[in-house]
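Structure record follows, encoded as structure tokens.
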Amino acid sequence: MVLKINNITKNFGGISALTDVSFSIKEGEIYGLIGPNGAGKTTMFNMITNMFPPTSGEITFLDEKITGFKPHKITNKGICRTFQNIRLFSQMTVLENVLVGGHTRSKSGVFSGVLRTKGQRAEEERLRVTAKEILELVGLSEFEDAIAENLAYGQQRRLEIARALASDPKLLLLDEPAAGMNDTETADLYHLIKKVQERGITTLLIEHDMPLVMRLCDRITVLNFGKKLAEGTPEEIQNNQAVIEAYLGSEGDDESA
Ligand SMILES: Nc1ncnc2c1ncn2[C@@H]1O[C@H](COP(=O)(O)OP(=O)(O)OP(=O)(O)O)[C@@H](O)[C@H]1O
């Protein structure tokens, strides 16, 4: 197992955002985390990356307990995330945004510029080559010199994934990557996440676009009011009575969901 979530509970004051949630993700899987608004999905990402410590429970990554590690140490171990709201360096170029992602795991800092040793220059060159490969993968090569904020929305979302990939993760956490995308952009995103899987990277995906989730994911956990409601393949989830009642059943009635 790449990631094991063991009995995670998270209370914020009187609110129980997560209650005793467990699931495990296998190497190379695309794993979906779904549930209504406020179900605790983003809180689970915050537990995995240790933005906040869990109230109880533990998380292991590649058989190592990571609960309590600093967020940057978790990135160094090979877990990288994107956020619900786009967080690019909007005034920097596309290539520079990816280079910043690469520097999160390289030995030299982004601004170590002036007194660079031969070794550092070689490292910089290696990062540039990798960054360009990643831009190729996400289909943004032709825009490498464009300013990030001038990209179309779907391209900015893909750039965020590129930046996360630049840190060479083993596990990629994507928080609502299809939010706000049109059909073409969503189709491109589907192919991109599949290509990421072909590279052997495991993905944990929070997403409200159910057709995308059902096509893309190998397995899914459904959260509801901070509790695990169900786990299974897309087919099992779509036929699960509790899930239909709590979540999927209402989706078709509410176009804004
Ligand atoms: N930092 C925080 N402080 C207090 N309460 C929080 C905090 N983060 C999340 N919560 C609460 O925890 C619950 C779960 O929120 P969370 O954002 O994890 O849900 P979600 O499933 O990601 O929802 P959405 O689909 O709307 O993004 C909510 O009741 C939320 O208000």
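How things are named: the first chain in the structure tokens is A, the next is B, and so on; residues count from 1 in each chain; ligands count from 1 in the order shown.
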Taking 6 positions as the minimum chain separation for residues in the same chain, which residues sit within 8 Å of Ile74 (chain A) when counting only C-alpha atoms? Answer as a PDB file with C-alpha atoms, in the first residue's frame.
```pdb
ATOM      1  CA  THR A  49      -0.028  16.782   4.298  1.00  0.00           C
ATOM      2  CA  ASN A  50      -0.159  17.642   8.020  1.00  0.00           C
ATOM      3  CA  ILE A  66       4.131  10.323   8.565  1.00  0.00           C
TER       4      ILE A  66
END
```
List as a PDB file with N, CA and C atoms, in the first residue's frame the protein and nucleic acid residues lying within 7 Å of ligand 1, with only C-alpha atoms and all ligand atoms counted.
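To be explicit, this is the file written out as out-v3.pdb:
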```pdb
ATOM      1  N   PHE A  12     -12.651  20.210  15.034  1.00  0.00           N
ATOM      2  CA  PHE A  12     -12.345  21.642  15.109  1.00  0.00           C
ATOM      3  C   PHE A  12     -13.284  22.203  16.161  1.00  0.00           C
ATOM      4  N   ILE A  15     -16.867  20.988  16.149  1.00  0.00           N
ATOM      5  CA  ILE A  15     -17.214  20.325  14.875  1.00  0.00           C
ATOM      6  C   ILE A  15     -16.332  19.117  14.650  1.00  0.00           C
ATOM      7  N   SER A  16     -16.961  17.998  14.338  1.00  0.00           N
ATOM      8  CA  SER A  16     -16.185  16.818  13.990  1.00  0.00           C
ATOM      9  C   SER A  16     -16.103  16.743  12.473  1.00  0.00           C
ATOM     10  N   ALA A  17     -14.969  17.183  11.914  1.00  0.00           N
ATOM     11  CA  ALA A  17     -14.815  17.214  10.449  1.00  0.00           C
ATOM     12  C   ALA A  17     -14.579  15.816   9.899  1.00  0.00           C
ATOM     13  N   GLY A  35     -18.033  13.104  -1.813  1.00  0.00           N
ATOM     14  CA  GLY A  35     -19.010  13.343  -0.753  1.00  0.00           C
ATOM     15  C   GLY A  35     -19.548  14.752  -0.865  1.00  0.00           C
ATOM     16  N   PRO A  36     -20.689  15.010  -0.242  1.00  0.00           N
ATOM     17  CA  PRO A  36     -21.303  16.337  -0.327  1.00  0.00           C
ATOM     18  C   PRO A  36     -20.395  17.431   0.258  1.00  0.00           C
ATOM     19  N   ASN A  37     -20.751  18.680  -0.002  1.00  0.00           N
ATOM     20  CA  ASN A  37     -19.998  19.810   0.569  1.00  0.00           C
ATOM     21  C   ASN A  37     -19.910  19.661   2.083  1.00  0.00           C
ATOM     22  N   GLY A  38     -18.730  19.920   2.611  1.00  0.00           N
ATOM     23  CA  GLY A  38     -18.544  19.857   4.056  1.00  0.00           C
ATOM     24  C   GLY A  38     -18.361  18.455   4.604  1.00  0.00           C
ATOM     25  N   ALA A  39     -18.223  17.457   3.719  1.00  0.00           N
ATOM     26  CA  ALA A  39     -18.120  16.063   4.167  1.00  0.00           C
ATOM     27  C   ALA A  39     -16.781  15.743   4.831  1.00  0.00           C
ATOM     28  N   GLY A  40     -15.765  16.601   4.592  1.00  0.00           N
ATOM     29  CA  GLY A  40     -14.467  16.375   5.223  1.00  0.00           C
ATOM     30  C   GLY A  40     -13.351  16.034   4.255  1.00  0.00           C
ATOM     31  N   LYS A  41     -13.605  16.191   2.961  1.00  0.00           N
ATOM     32  CA  LYS A  41     -12.629  15.757   1.954  1.00  0.00           C
ATOM     33  C   LYS A  41     -11.333  16.586   2.029  1.00  0.00           C
ATOM     34  N   THR A  42     -11.478  17.911   2.004  1.00  0.00           N
ATOM     35  CA  THR A  42     -10.276  18.755   2.062  1.00  0.00           C
ATOM     36  C   THR A  42      -9.575  18.588   3.405  1.00  0.00           C
ATOM     37  N   THR A  43     -10.356  18.399   4.459  1.00  0.00           N
ATOM     38  CA  THR A  43      -9.732  18.152   5.770  1.00  0.00           C
ATOM     39  C   THR A  43      -8.856  16.897   5.703  1.00  0.00           C
ATOM     40  N   MET A  44      -9.294  15.878   4.965  1.00  0.00           N
ATOM     41  CA  MET A  44      -8.466  14.676   4.827  1.00  0.00           C
ATOM     42  C   MET A  44      -7.150  15.002   4.126  1.00  0.00           C
ATOM     43  N   GLY A 226     -18.346  13.690   7.604  1.00  0.00           N
ATOM     44  CA  GLY A 226     -17.092  13.299   8.254  1.00  0.00           C
ATOM     45  C   GLY A 226     -16.910  11.816   8.489  1.00  0.00           C
TER      46      GLY A 226
END
```
Long-range neighbours of region 91-93 of chain A as a ChimeraX atom specification, 8 Å cut-off, only C-alpha atoms, 5 positions minimum in chain = /A:144-149
Save out the residues we just selected, N, CA and C atoms, as a PDB file, in the first residue's frame.
```pdb
ATOM      1  N   GLU A 144       5.459  27.841 -22.777  1.00  0.00           N
ATOM      2  CA  GLU A 144       6.409  27.889 -21.653  1.00  0.00           C
ATOM      3  C   GLU A 144       6.845  29.312 -21.284  1.00  0.00           C
ATOM      4  N   ASP A 145       6.863  30.245 -22.259  1.00  0.00           N
ATOM      5  CA  ASP A 145       7.275  31.619 -21.956  1.00  0.00           C
ATOM      6  C   ASP A 145       6.103  32.550 -21.670  1.00  0.00           C
ATOM      7  N   ALA A 146       4.886  32.020 -21.705  1.00  0.00           N
ATOM      8  CA  ALA A 146       3.712  32.858 -21.430  1.00  0.00           C
ATOM      9  C   ALA A 146       3.632  33.166 -19.937  1.00  0.00           C
ATOM     10  N   ILE A 147       3.044  34.322 -19.609  1.00  0.00           N
ATOM     11  CA  ILE A 147       2.819  34.668 -18.202  1.00  0.00           C
ATOM     12  C   ILE A 147       1.614  33.852 -17.717  1.00  0.00           C
ATOM     13  N   ALA A 148       1.766  33.244 -16.553  1.00  0.00           N
ATOM     14  CA  ALA A 148       0.775  32.267 -16.085  1.00  0.00           C
ATOM     15  C   ALA A 148      -0.652  32.816 -16.099  1.00  0.00           C
ATOM     16  N   GLU A 149      -0.813  34.079 -15.693  1.00  0.00           N
ATOM     17  CA  GLU A 149      -2.190  34.595 -15.578  1.00  0.00           C
ATOM     18  C   GLU A 149      -2.854  34.799 -16.937  1.00  0.00           C
TER      19      GLU A 149
END
```
Report the residues of region 56-219 of chain A whose backbone DSSP state falls under strand (DSSP E), written as a list in words.
->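 Taking region 56-219 of chain A and keeping strand (DSSP E) gives Ser56, Gly57, Glu58, Ile59, Thr60, Phe61, Glu64, Lys65, Ile79, Cys80, Arg81, Leu171, Leu172, Leu173, Leu174, Asp175, Thr202, Thr203, Leu204, Leu205, Ile206 and Arg219 of chain A.
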Could you work out how far CA of Thr19 (chain A) lies from CA of Lys77 (chain A), giving the answer in Å with one decimal?
-> 26.3 Å
Could you give me the residues within region 12-250 of chain A that DSSP places in alpha helix (DSSP H), as a PyMOL selection string?
-> chain A and resi 41-48+71-77+94-103+118-138+153-165+183-198+210-216+234-238+241-243+249-250
Closest to Leu88 (chain A) among A:Leu33, A:Asn239, A:Ser141, A:Ile161, using only C-alpha atoms?
->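 For Leu88 (chain A), the nearest of the candidates is A:Ile161.
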Which residues are close to Lys228 (chain A), i.e. within 9 Å by only C-alpha atoms, leaving aside same-chain residues fewer than 4 positions away? Reply as a PDB file with C-alpha atoms, in the first residue's frame.
```
ATOM      1  CA  LEU A  18     -13.666  13.569  10.293  1.00  0.00           C
ATOM      2  CA  THR A  19     -14.717  10.651  12.485  1.00  0.00           C
ATOM      3  CA  ASP A  20     -12.700   7.434  12.530  1.00  0.00           C
ATOM      4  CA  VAL A  21     -12.034   7.315   8.778  1.00  0.00           C
ATOM      5  CA  SER A  22      -9.838   4.548   7.334  1.00  0.00           C
ATOM      6  CA  PHE A  23      -8.912   3.563   3.793  1.00  0.00           C
ATOM      7  CA  THR A 221     -14.314   6.315  -0.721  1.00  0.00           C
ATOM      8  CA  VAL A 222     -17.481   8.264  -0.020  1.00  0.00           C
ATOM      9  CA  LEU A 223     -17.534  10.600   2.981  1.00  0.00           C
ATOM     10  CA  ASN A 224     -20.703  11.991   4.517  1.00  0.00           C
TER      11      ASN A 224
END
```
Could you pull the residues within 12 Å of Pro71 (chain A), counting only C-alpha atoms, minus those fewer than 6 positions along the same chain, as an mmCIF file with N, CA and C atoms, in the first residue's frame?
```cif
data_model
loop_
_atom_site.group_PDB
_atom_site.id
_atom_site.type_symbol
_atom_site.label_atom_id
_atom_site.label_comp_id
_atom_site.auth_asym_id
_atom_site.auth_seq_id
_atom_site.Cartn_x
_atom_site.Cartn_y
_atom_site.Cartn_z
ATOM 1 N N PHE A 45 -7.185 15.843 3.086
ATOM 2 C CA PHE A 45 -5.929 16.267 2.439
ATOM 3 C C PHE A 45 -5.047 16.994 3.462
ATOM 4 N N ASN A 46 -5.669 17.827 4.279
ATOM 5 C CA ASN A 46 -4.896 18.572 5.276
ATOM 6 C C ASN A 46 -4.292 17.649 6.336
ATOM 7 N N MET A 47 -4.935 16.510 6.570
ATOM 8 C CA MET A 47 -4.374 15.524 7.500
ATOM 9 C C MET A 47 -3.169 14.827 6.860
ATOM 10 N N ILE A 48 -3.325 14.471 5.568
ATOM 11 C CA ILE A 48 -2.252 13.727 4.884
ATOM 12 C C ILE A 48 -0.994 14.596 4.773
ATOM 13 N N THR A 49 -1.179 15.879 4.459
ATOM 14 C CA THR A 49 -0.028 16.782 4.298
ATOM 15 C C THR A 49 0.356 17.451 5.611
ATOM 16 N N ASN A 50 -0.374 17.119 6.668
ATOM 17 C CA ASN A 50 -0.159 17.642 8.020
ATOM 18 C C ASN A 50 -0.177 19.172 8.088
ATOM 19 N N MET A 51 -1.112 19.773 7.329
ATOM 20 C CA MET A 51 -1.370 21.211 7.511
ATOM 21 C C MET A 51 -1.884 21.422 8.930
ATOM 22 N N PHE A 52 -2.695 20.465 9.395
ATOM 23 C CA PHE A 52 -3.124 20.417 10.799
ATOM 24 C C PHE A 52 -2.932 18.986 11.282
ATOM 25 N N PRO A 53 -2.624 18.786 12.544
ATOM 26 C CA PRO A 53 -2.508 17.415 13.043
ATOM 27 C C PRO A 53 -3.891 16.796 13.267
ATOM 28 N N LYS A 77 9.162 13.437 1.099
ATOM 29 C CA LYS A 77 8.928 11.982 1.067
ATOM 30 C C LYS A 77 8.260 11.563 -0.245
ATOM 31 N N GLY A 78 7.588 12.537 -0.924
ATOM 32 C CA GLY A 78 6.977 12.210 -2.216
ATOM 33 C C GLY A 78 5.471 12.377 -2.286
ATOM 34 N N ILE A 79 4.920 13.273 -1.451
ATOM 35 C CA ILE A 79 3.488 13.573 -1.542
ATOM 36 C C ILE A 79 3.344 15.038 -1.933
ATOM 37 N N CYS A 80 2.591 15.300 -2.996
ATOM 38 C CA CYS A 80 2.402 16.690 -3.398
ATOM 39 C C CYS A 80 0.938 16.939 -3.717
ATOM 40 N N ARG A 81 0.460 18.135 -3.451
ATOM 41 C CA ARG A 81 -0.966 18.420 -3.623
ATOM 42 C C ARG A 81 -1.204 19.664 -4.467
ATOM 43 N N THR A 104 11.289 22.675 -4.893
ATOM 44 C CA THR A 104 10.839 22.279 -3.561
ATOM 45 C C THR A 104 11.551 21.008 -3.106
#
```
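Put simply, CA of Gly57 (chain A) is 22.1 Å away from CA of Arg219 (chain A).
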Excluding same-chain residues fewer than 6 positions from His103 (chain A), what lies within 12 Å of it counting only C-alpha atoms, as a PyMOL selection string?
-> chain A and resi 72+75-76+96-97+109-112+120+123-128+130-131+163-168
Would you output that residue set with N, CA and C atoms, as a PDB file, in the first residue's frame?
```pdb
ATOM      1  N   HIS A  72       6.821  20.217   4.761  1.00  0.00           N
ATOM      2  CA  HIS A  72       7.885  20.143   3.750  1.00  0.00           C
ATOM      3  C   HIS A  72       8.558  18.771   3.756  1.00  0.00           C
ATOM      4  N   THR A  75       6.387  16.564   1.719  1.00  0.00           N
ATOM      5  CA  THR A  75       6.662  16.792   0.288  1.00  0.00           C
ATOM      6  C   THR A  75       7.935  16.057  -0.120  1.00  0.00           C
ATOM      7  N   ASN A  76       8.965  16.156   0.712  1.00  0.00           N
ATOM      8  CA  ASN A  76      10.228  15.479   0.396  1.00  0.00           C
ATOM      9  C   ASN A  76      10.083  13.966   0.322  1.00  0.00           C
ATOM     10  N   GLU A  96       8.742  29.009 -15.407  1.00  0.00           N
ATOM     11  CA  GLU A  96       9.217  29.382 -14.062  1.00  0.00           C
ATOM     12  C   GLU A  96       8.339  28.763 -12.972  1.00  0.00           C
ATOM     13  N   ASN A  97       7.038  28.712 -13.210  1.00  0.00           N
ATOM     14  CA  ASN A  97       6.145  28.098 -12.227  1.00  0.00           C
ATOM     15  C   ASN A  97       6.504  26.629 -12.001  1.00  0.00           C
ATOM     16  N   GLY A 109      18.473  26.297  -3.559  1.00  0.00           N
ATOM     17  CA  GLY A 109      17.284  27.137  -3.441  1.00  0.00           C
ATOM     18  C   GLY A 109      17.016  27.882  -4.743  1.00  0.00           C
ATOM     19  N   VAL A 110      15.820  28.431  -4.852  1.00  0.00           N
ATOM     20  CA  VAL A 110      15.438  29.142  -6.082  1.00  0.00           C
ATOM     21  C   VAL A 110      16.331  30.350  -6.314  1.00  0.00           C
ATOM     22  N   PHE A 111      16.692  31.055  -5.252  1.00  0.00           N
ATOM     23  CA  PHE A 111      17.397  32.314  -5.402  1.00  0.00           C
ATOM     24  C   PHE A 111      18.875  32.205  -5.020  1.00  0.00           C
ATOM     25  N   SER A 112      19.425  31.026  -5.198  1.00  0.00           N
ATOM     26  CA  SER A 112      20.834  30.843  -4.814  1.00  0.00           C
ATOM     27  C   SER A 112      21.750  31.404  -5.903  1.00  0.00           C
ATOM     28  N   GLN A 120      25.784  23.261  -8.859  1.00  0.00           N
ATOM     29  CA  GLN A 120      24.460  23.909  -8.834  1.00  0.00           C
ATOM     30  C   GLN A 120      23.963  24.189 -10.243  1.00  0.00           C
ATOM     31  N   GLU A 123      22.655  21.125 -11.678  1.00  0.00           N
ATOM     32  CA  GLU A 123      21.357  20.837 -11.055  1.00  0.00           C
ATOM     33  C   GLU A 123      20.255  21.693 -11.701  1.00  0.00           C
ATOM     34  N   GLU A 124      20.574  22.991 -11.922  1.00  0.00           N
ATOM     35  CA  GLU A 124      19.616  23.895 -12.579  1.00  0.00           C
ATOM     36  C   GLU A 124      19.234  23.371 -13.958  1.00  0.00           C
ATOM     37  N   GLU A 125      20.252  22.922 -14.683  1.00  0.00           N
ATOM     38  CA  GLU A 125      20.025  22.450 -16.044  1.00  0.00           C
ATOM     39  C   GLU A 125      19.145  21.196 -16.019  1.00  0.00           C
ATOM     40  N   ARG A 126      19.421  20.338 -15.058  1.00  0.00           N
ATOM     41  CA  ARG A 126      18.630  19.107 -14.917  1.00  0.00           C
ATOM     42  C   ARG A 126      17.162  19.452 -14.630  1.00  0.00           C
ATOM     43  N   LEU A 127      16.964  20.444 -13.755  1.00  0.00           N
ATOM     44  CA  LEU A 127      15.591  20.853 -13.415  1.00  0.00           C
ATOM     45  C   LEU A 127      14.864  21.434 -14.629  1.00  0.00           C
ATOM     46  N   ARG A 128      15.614  22.190 -15.447  1.00  0.00           N
ATOM     47  CA  ARG A 128      14.997  22.779 -16.655  1.00  0.00           C
ATOM     48  C   ARG A 128      14.561  21.695 -17.621  1.00  0.00           C
ATOM     49  N   THR A 130      13.826  18.607 -16.905  1.00  0.00           N
ATOM     50  CA  THR A 130      12.665  17.917 -16.322  1.00  0.00           C
ATOM     51  C   THR A 130      11.411  18.771 -16.450  1.00  0.00           C
ATOM     52  N   ALA A 131      11.546  20.087 -16.183  1.00  0.00           N
ATOM     53  CA  ALA A 131      10.383  20.984 -16.254  1.00  0.00           C
ATOM     54  C   ALA A 131       9.803  20.987 -17.664  1.00  0.00           C
ATOM     55  N   ARG A 163       3.205  21.784 -11.919  1.00  0.00           N
ATOM     56  CA  ARG A 163       4.067  22.255 -10.827  1.00  0.00           C
ATOM     57  C   ARG A 163       4.168  21.202  -9.728  1.00  0.00           C
ATOM     58  N   ALA A 164       3.050  20.547  -9.443  1.00  0.00           N
ATOM     59  CA  ALA A 164       3.078  19.479  -8.436  1.00  0.00           C
ATOM     60  C   ALA A 164       3.948  18.312  -8.927  1.00  0.00           C
ATOM     61  N   LEU A 165       3.840  17.990 -10.215  1.00  0.00           N
ATOM     62  CA  LEU A 165       4.626  16.864 -10.759  1.00  0.00           C
ATOM     63  C   LEU A 165       6.124  17.163 -10.738  1.00  0.00           C
ATOM     64  N   ALA A 166       6.479  18.452 -10.803  1.00  0.00           N
ATOM     65  CA  ALA A 166       7.889  18.826 -10.819  1.00  0.00           C
ATOM     66  C   ALA A 166       8.603  18.439  -9.526  1.00  0.00           C
ATOM     67  N   SER A 167       7.855  18.249  -8.455  1.00  0.00           N
ATOM     68  CA  SER A 167       8.503  17.829  -7.213  1.00  0.00           C
ATOM     69  C   SER A 167       8.691  16.309  -7.192  1.00  0.00           C
ATOM     70  N   ASP A 168       8.401  15.661  -8.313  1.00  0.00           N
ATOM     71  CA  ASP A 168       8.628  14.221  -8.487  1.00  0.00           C
ATOM     72  C   ASP A 168       7.888  13.381  -7.433  1.00  0.00           C
TER      73      ASP A 168
END
```
Quick one: of A:Ile237, A:Leu248, A:Met210, A:Leu205, who's nearest to Gln84 (chain A), counting only C-alpha atoms?
->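 Ranked by minimum distance to Gln84 (chain A), first place goes to A:Leu205.
With distances restricted to only C-alpha atoms, A:Gly28 is the closest residue to Lys194 (chain A) from A:Gly28, A:Ile220, A:Ala230, A:Asn240.
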One decimal, Å: what's the distance from CA of Asp175 (chain A) over to CA of Glu207 (chain A), could you say?
-> 6.8 Å
Shortest interatomic distance to Leu151 (chain A) - which of A:Ser24, A:Thr233, A:Ser90, A:Thr60, counting only C-alpha atoms =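 Of A:Ser24, A:Thr233, A:Ser90, A:Thr60, the one nearest Leu151 (chain A), counting only C-alpha atoms, is A:Ser90.
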Between A:Val100, A:Gly14, A:Thr9, A:Ile30, smallest distance to Ser56 (chain A) by only C-alpha atoms belongs to A:Thr9
Write out as a ChimeraX atom specification each polymer residue whose atoms come within 7 Å of Leu204 (chain A), counting only C-alpha atoms; drop sequence neighbours fewer than 6 positions from it.
-> /A:30-32,172-174
Would you save the residues from that selection as a short mmCIF file (atom, residue, chain, number, x, y, z; two decimals), in the first residue's frame, using N, CA and C atoms?
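And here's selection_26.cif as it stands now:
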```cif
data_model
loop_
_atom_site.label_atom_id
_atom_site.label_comp_id
_atom_site.auth_asym_id
_atom_site.auth_seq_id
_atom_site.Cartn_x
_atom_site.Cartn_y
_atom_site.Cartn_z
N ILE A 30 -5.74 5.25 -9.18
CA ILE A 30 -6.40 6.56 -9.13
C ILE A 30 -7.56 6.37 -8.17
N TYR A 31 -7.47 7.03 -7.02
CA TYR A 31 -8.42 6.78 -5.93
C TYR A 31 -9.26 8.03 -5.72
N GLY A 32 -10.57 7.88 -5.70
CA GLY A 32 -11.47 9.03 -5.56
C GLY A 32 -11.94 9.22 -4.14
N LEU A 172 0.12 11.92 -5.73
CA LEU A 172 -0.36 13.25 -6.11
C LEU A 172 -1.77 13.42 -5.54
N LEU A 173 -1.99 14.51 -4.81
CA LEU A 173 -3.31 14.80 -4.25
C LEU A 173 -3.92 15.94 -5.06
N LEU A 174 -5.04 15.69 -5.70
CA LEU A 174 -5.69 16.71 -6.53
C LEU A 174 -7.01 17.10 -5.91
#
```
